[in-house]
Amino acid sequence: MSELFYKIISPNRKWYWFPIFWFLRVISFFYLLGHHFRLWAYRWGIFPQRSLDCRVISVGNLTLGGTGKTPFVMMIAETLRGNGFKPAILTRGYGGKSNKPVNVVCDGKSVLLSPEWVGDEAVMMAEKLKNVPIITGSDRLQTGRYALENYEVDTLILDDGFQHLALRRDLDILLCDHQKPLGNNHIFPAGELREPASESRRADMVCFTRYLGGPIKFPSKYLGSMPQIKTHLRLDSLINMETGDVCDVDVLKNQPVVAFCGIANPEGFRQILQDTQAQLKVFKAFPDHHEYSLNDIKELESRALQEEAKFILVSEKDAVKLKDIKFSFPVYKVVIDLEILEGREIFNNQITTSRRSTTNRGGN
């Protein structure tokens, strides 16, 4: 369904998709009306906004799909910890089966739940951070209160929180993909925009992710003097899924490899691998949050043998779901590092400044 959706909304769509695309444009008009009513209701207090007794930082985007929120959230948590703060992460737990209102993925010491119940992203963050409480649940007010009552927390980080207006925040960070900051420039379901570009004015800081240099294709009238930073993802290292051995990325140079992932932006992962000068013989993109079967892995191992590949590579997010699988081929987890190319000082100042907002973020 995801592949079909992007075929229909693509500017290069086939002629026979035009009727469906225009039907989606009509639906998007009513979606936009609902969006404006929701903002109006928060602005005038019909929908109440709640506060928590700590600093709240929100990370989100305007578009569907991946803009690198997860590594950015982890970078915020690590920066806060390094500056003496005690953060916790609140996330929805996409892809998990749990219906509980509060799920403690990590208590700041141990990983307590599996990807099956709370989703792959939450578990991946828990495994990498370990010393930061991570809680999933759809109601951020409820999960935030739980974090405050049960852990020594002074800052809450909302993962994918830009549209979550029910909870007041002190810092709203908007992430935009440098290459396609507004997707196809149409509102869902005719496009990738969750909200109009003008809603970027609600943000306190904007980060252009996957920055490759060159101009920013975002309407400057909406950014104004808003602080901006630019980041890029790079391959940091490889970890053998069976032995845990760490390898340098240089081992991939000119080597035939097979890679797969089930993430929101598979092309971004593909590009990172190609930047290493590896010979990417096979690249398989599964749907986001895909639940892997033994047959999936066996098929990939068979393709690797056919292509005489040296490695099978998988994203960190997918790797957390493959721990119980026995591989018959060298499979390596790709460790990605987020670099701030421009605006490191801006980022540090914004993240570490204790500031309590007095304005209604949903109404501005």
# chains A, B, ... in the order shown; residues from 1 in each chain; ligands from 1
>>> select_by_dssp(residues="stretch 192-315 of chain A", states="strand (DSSP E or B)", output="ChimeraX atom specification")
/A:193,205-209,228-240,246-247,256-261,279-285,311-315
>>> closest_atom_pairs(of="stretch 82-137 of chain A", to="stretch 282-305 of chain A", cutoff="8 Å", atoms="only C-alpha atoms", output="CSV")
residue,atom,partner,partner_atom,distance
A:Tyr94,CA,A:His289,CA,7.8
A:Gly95,CA,A:His289,CA,5.6
A:Gly119,CA,A:His289,CA,7.5
A:Asp120,CA,A:His289,CA,6.9
>>> atom_distance(atom1="atom CA of A:Cys176", atom2="atom CA of A:Leu62")
7.4 Å
>>> residues_around(residues="stretch 112-116 of chain A", least_positions_apart="5", cutoff="8 Å", atoms="only C-alpha atoms", output="list of chain:residue names")
A:Gly95, A:Gly96, A:Lys97, A:Val104, A:Val105, A:Cys106, A:Asp107, A:Glu121, A:Ala122, A:Val123, A:Val320, A:Lys321
>>> write_last_selection(atoms="C-alpha atoms", output="CSV table (one decimal), in the first residue's frame")
chain,number,residue,atom,x,y,z
A,95,GLY,CA,4.6,-1.1,15.3
A,96,GLY,CA,4.1,-2.5,18.8
A,97,LYS,CA,1.1,-4.7,19.9
A,104,VAL,CA,8.2,1.2,30.3
A,105,VAL,CA,10.7,0.1,27.6
A,106,CYS,CA,13.7,1.1,29.7
A,107,ASP,CA,13.9,2.2,33.3
A,121,GLU,CA,12.4,2.3,17.4
A,122,ALA,CA,11.7,2.4,21.2
A,123,VAL,CA,13.8,-0.7,21.8
A,320,VAL,CA,16.5,-5.4,17.3
A,321,LYS,CA,13.9,-7.8,15.8
>>> closest_residue(among="A:Val111, A:Arg145, A:Ala190, A:Gly161", to="A:Phe29", atoms="only C-alpha atoms")
A:Ala190
>>> closest_residue(among="A:Leu322, A:Ile8, A:Ile336, A:Leu280", to="A:Lys310", atoms="only C-alpha atoms")
A:Leu280
>>> residues_around(residues="A:Asp172", least_positions_apart="5", cutoff="9 Å", atoms="only C-alpha atoms", output="list in words")
Val56, Ile57, Ser58, Val59, Gly60, Gly161, Phe162, Arg202, Ala203, Asp204, Met205, Val206 and Arg361 of chain A
>>> write_last_selection(atoms="C-alpha atoms", output="JSON list (two decimals), in the first residue's frame")
[["chain", "number", "residue", "atom", "x", "y", "z"],
["A", 56, "VAL", "CA", 9.35, 19.53, 27.67],
["A", 57, "ILE", "CA", 11.19, 19.33, 24.34],
["A", 58, "SER", "CA", 9.30, 18.19, 21.25],
["A", 59, "VAL", "CA", 10.84, 16.77, 18.07],
["A", 60, "GLY", "CA", 8.66, 16.33, 15.00],
["A", 161, "GLY", "CA", 5.46, 15.47, 18.99],
["A", 162, "PHE", "CA", 4.99, 18.45, 16.65],
["A", 202, "ARG", "CA", 5.04, 27.11, 15.56],
["A", 203, "ALA", "CA", 8.60, 25.78, 15.82],
["A", 204, "ASP", "CA", 11.36, 27.34, 17.93],
["A", 205, "MET", "CA", 14.16, 25.76, 15.89],
["A", 206, "VAL", "CA", 14.37, 23.97, 12.55],
["A", 361, "ARG", "CA", 2.25, 26.74, 21.51]]
>>> select_by_dssp(residues="stretch 166-219 of chain A", states="helix (DSSP H, G or I)", output="MDAnalysis selection string")
chainID A and resid 197:202
>>> atom_distance(atom1="atom CA of A:Glu78", atom2="atom CA of A:Leu223")
27.0 Å
>>> residues_around(residues="A:Glu342", least_positions_apart="4", cutoff="10 Å", atoms="only C-alpha atoms", output="ChimeraX atom specification")
/A:207-208,211,228-232,346-347
>>> residues_around(residues="A:Ser110", least_positions_apart="5", cutoff="12 Å", atoms="only C-alpha atoms", output="PyMOL selection string")
chain A and resi 104-105+123+125-134
>>> write_last_selection(atoms="all heavy atoms", output="tab-separated table (two decimals), in the first residue's frame")
chain	number	residue	atom	x	y	z
A	104	VAL	N	6.86	0.78	29.99
A	104	VAL	CA	8.23	1.17	30.30
A	104	VAL	C	9.18	0.29	29.50
A	104	VAL	O	9.37	-0.89	29.80
A	104	VAL	CB	8.52	1.03	31.81
A	104	VAL	CG1	9.96	1.45	32.11
A	104	VAL	CG2	7.54	1.87	32.62
A	105	VAL	N	9.75	0.86	28.46
A	105	VAL	CA	10.69	0.13	27.61
A	105	VAL	C	12.04	0.02	28.29
A	105	VAL	O	12.72	-1.00	28.24
A	105	VAL	CB	10.83	0.83	26.25
A	105	VAL	CG1	11.71	0.00	25.31
A	105	VAL	CG2	9.47	1.09	25.63
A	123	VAL	N	12.79	0.24	21.27
A	123	VAL	CA	13.77	-0.71	21.78
A	123	VAL	C	15.17	-0.35	21.29
A	123	VAL	O	16.15	-0.46	22.04
A	123	VAL	CB	13.40	-2.14	21.36
A	123	VAL	CG1	14.50	-3.13	21.76
A	123	VAL	CG2	12.08	-2.56	21.99
A	125	MET	N	16.32	2.66	20.69
A	125	MET	CA	16.78	3.77	21.53
A	125	MET	C	17.18	3.27	22.91
A	125	MET	O	18.20	3.70	23.47
A	125	MET	CB	15.69	4.83	21.65
A	125	MET	CG	15.48	5.64	20.40
A	125	MET	SD	14.43	7.12	20.66
A	125	MET	CE	12.83	6.35	20.92
A	126	ALA	N	16.40	2.36	23.47
A	126	ALA	CA	16.70	1.83	24.81
A	126	ALA	C	18.04	1.10	24.83
A	126	ALA	O	18.82	1.23	25.78
A	126	ALA	CB	15.58	0.90	25.25
A	127	GLU	N	18.31	0.33	23.79
A	127	GLU	CA	19.56	-0.43	23.74
A	127	GLU	C	20.78	0.48	23.58
A	127	GLU	O	21.85	0.21	24.10
A	127	GLU	CB	19.51	-1.45	22.61
A	127	GLU	CG	18.56	-2.61	22.88
A	127	GLU	CD	18.67	-3.69	21.83
A	127	GLU	OE1	19.31	-3.46	20.79
A	127	GLU	OE2	18.09	-4.77	22.06
A	128	LYS	N	20.61	1.58	22.85
A	128	LYS	CA	21.74	2.48	22.61
A	128	LYS	C	21.98	3.43	23.78
A	128	LYS	O	23.12	3.75	24.11
A	128	LYS	CB	21.51	3.28	21.33
A	128	LYS	CG	21.53	2.44	20.07
A	128	LYS	CD	21.75	3.28	18.83
A	128	LYS	CE	23.17	3.76	18.72
A	128	LYS	NZ	23.45	4.42	17.42
A	129	LEU	N	20.90	3.89	24.42
A	129	LEU	CA	21.05	4.87	25.50
A	129	LEU	C	21.24	4.22	26.87
A	129	LEU	O	22.08	4.63	27.65
A	129	LEU	CB	19.83	5.80	25.52
A	129	LEU	CG	19.65	6.68	24.28
A	129	LEU	CD1	18.31	7.41	24.33
A	129	LEU	CD2	20.78	7.69	24.15
A	130	LYS	N	20.38	3.25	27.17
A	130	LYS	CA	20.42	2.47	28.41
A	130	LYS	C	20.18	3.28	29.69
A	130	LYS	O	19.49	2.83	30.59
A	130	LYS	CB	21.73	1.69	28.53
A	130	LYS	CG	21.86	0.55	27.53
A	130	LYS	CD	23.06	-0.31	27.84
A	130	LYS	CE	23.12	-1.53	26.93
A	130	LYS	NZ	23.30	-1.19	25.52
A	131	ASN	N	20.76	4.47	29.80
A	131	ASN	CA	20.66	5.23	31.05
A	131	ASN	C	19.55	6.29	31.01
A	131	ASN	O	19.51	7.17	31.86
A	131	ASN	CB	22.00	5.90	31.38
A	131	ASN	CG	22.49	6.79	30.24
A	131	ASN	OD1	21.83	6.95	29.23
A	131	ASN	ND2	23.67	7.37	30.42
A	132	VAL	N	18.67	6.19	30.02
A	132	VAL	CA	17.57	7.15	29.87
A	132	VAL	C	16.25	6.39	29.89
A	132	VAL	O	16.03	5.49	29.09
A	132	VAL	CB	17.69	7.93	28.54
A	132	VAL	CG1	16.48	8.83	28.34
A	132	VAL	CG2	18.98	8.75	28.51
A	133	PRO	N	15.33	6.71	30.80
A	133	PRO	CA	14.01	6.07	30.79
A	133	PRO	C	13.29	6.34	29.47
A	133	PRO	O	13.29	7.47	28.97
A	133	PRO	CB	13.28	6.74	31.96
A	133	PRO	CG	14.37	7.24	32.85
A	133	PRO	CD	15.48	7.64	31.94
A	134	ILE	N	12.69	5.29	28.91
A	134	ILE	CA	11.94	5.40	27.66
A	134	ILE	C	10.57	4.77	27.88
A	134	ILE	O	10.48	3.61	28.30
A	134	ILE	CB	12.68	4.72	26.50
A	134	ILE	CG1	14.03	5.41	26.27
A	134	ILE	CG2	11.83	4.75	25.23
A	134	ILE	CD1	14.91	4.73	25.24
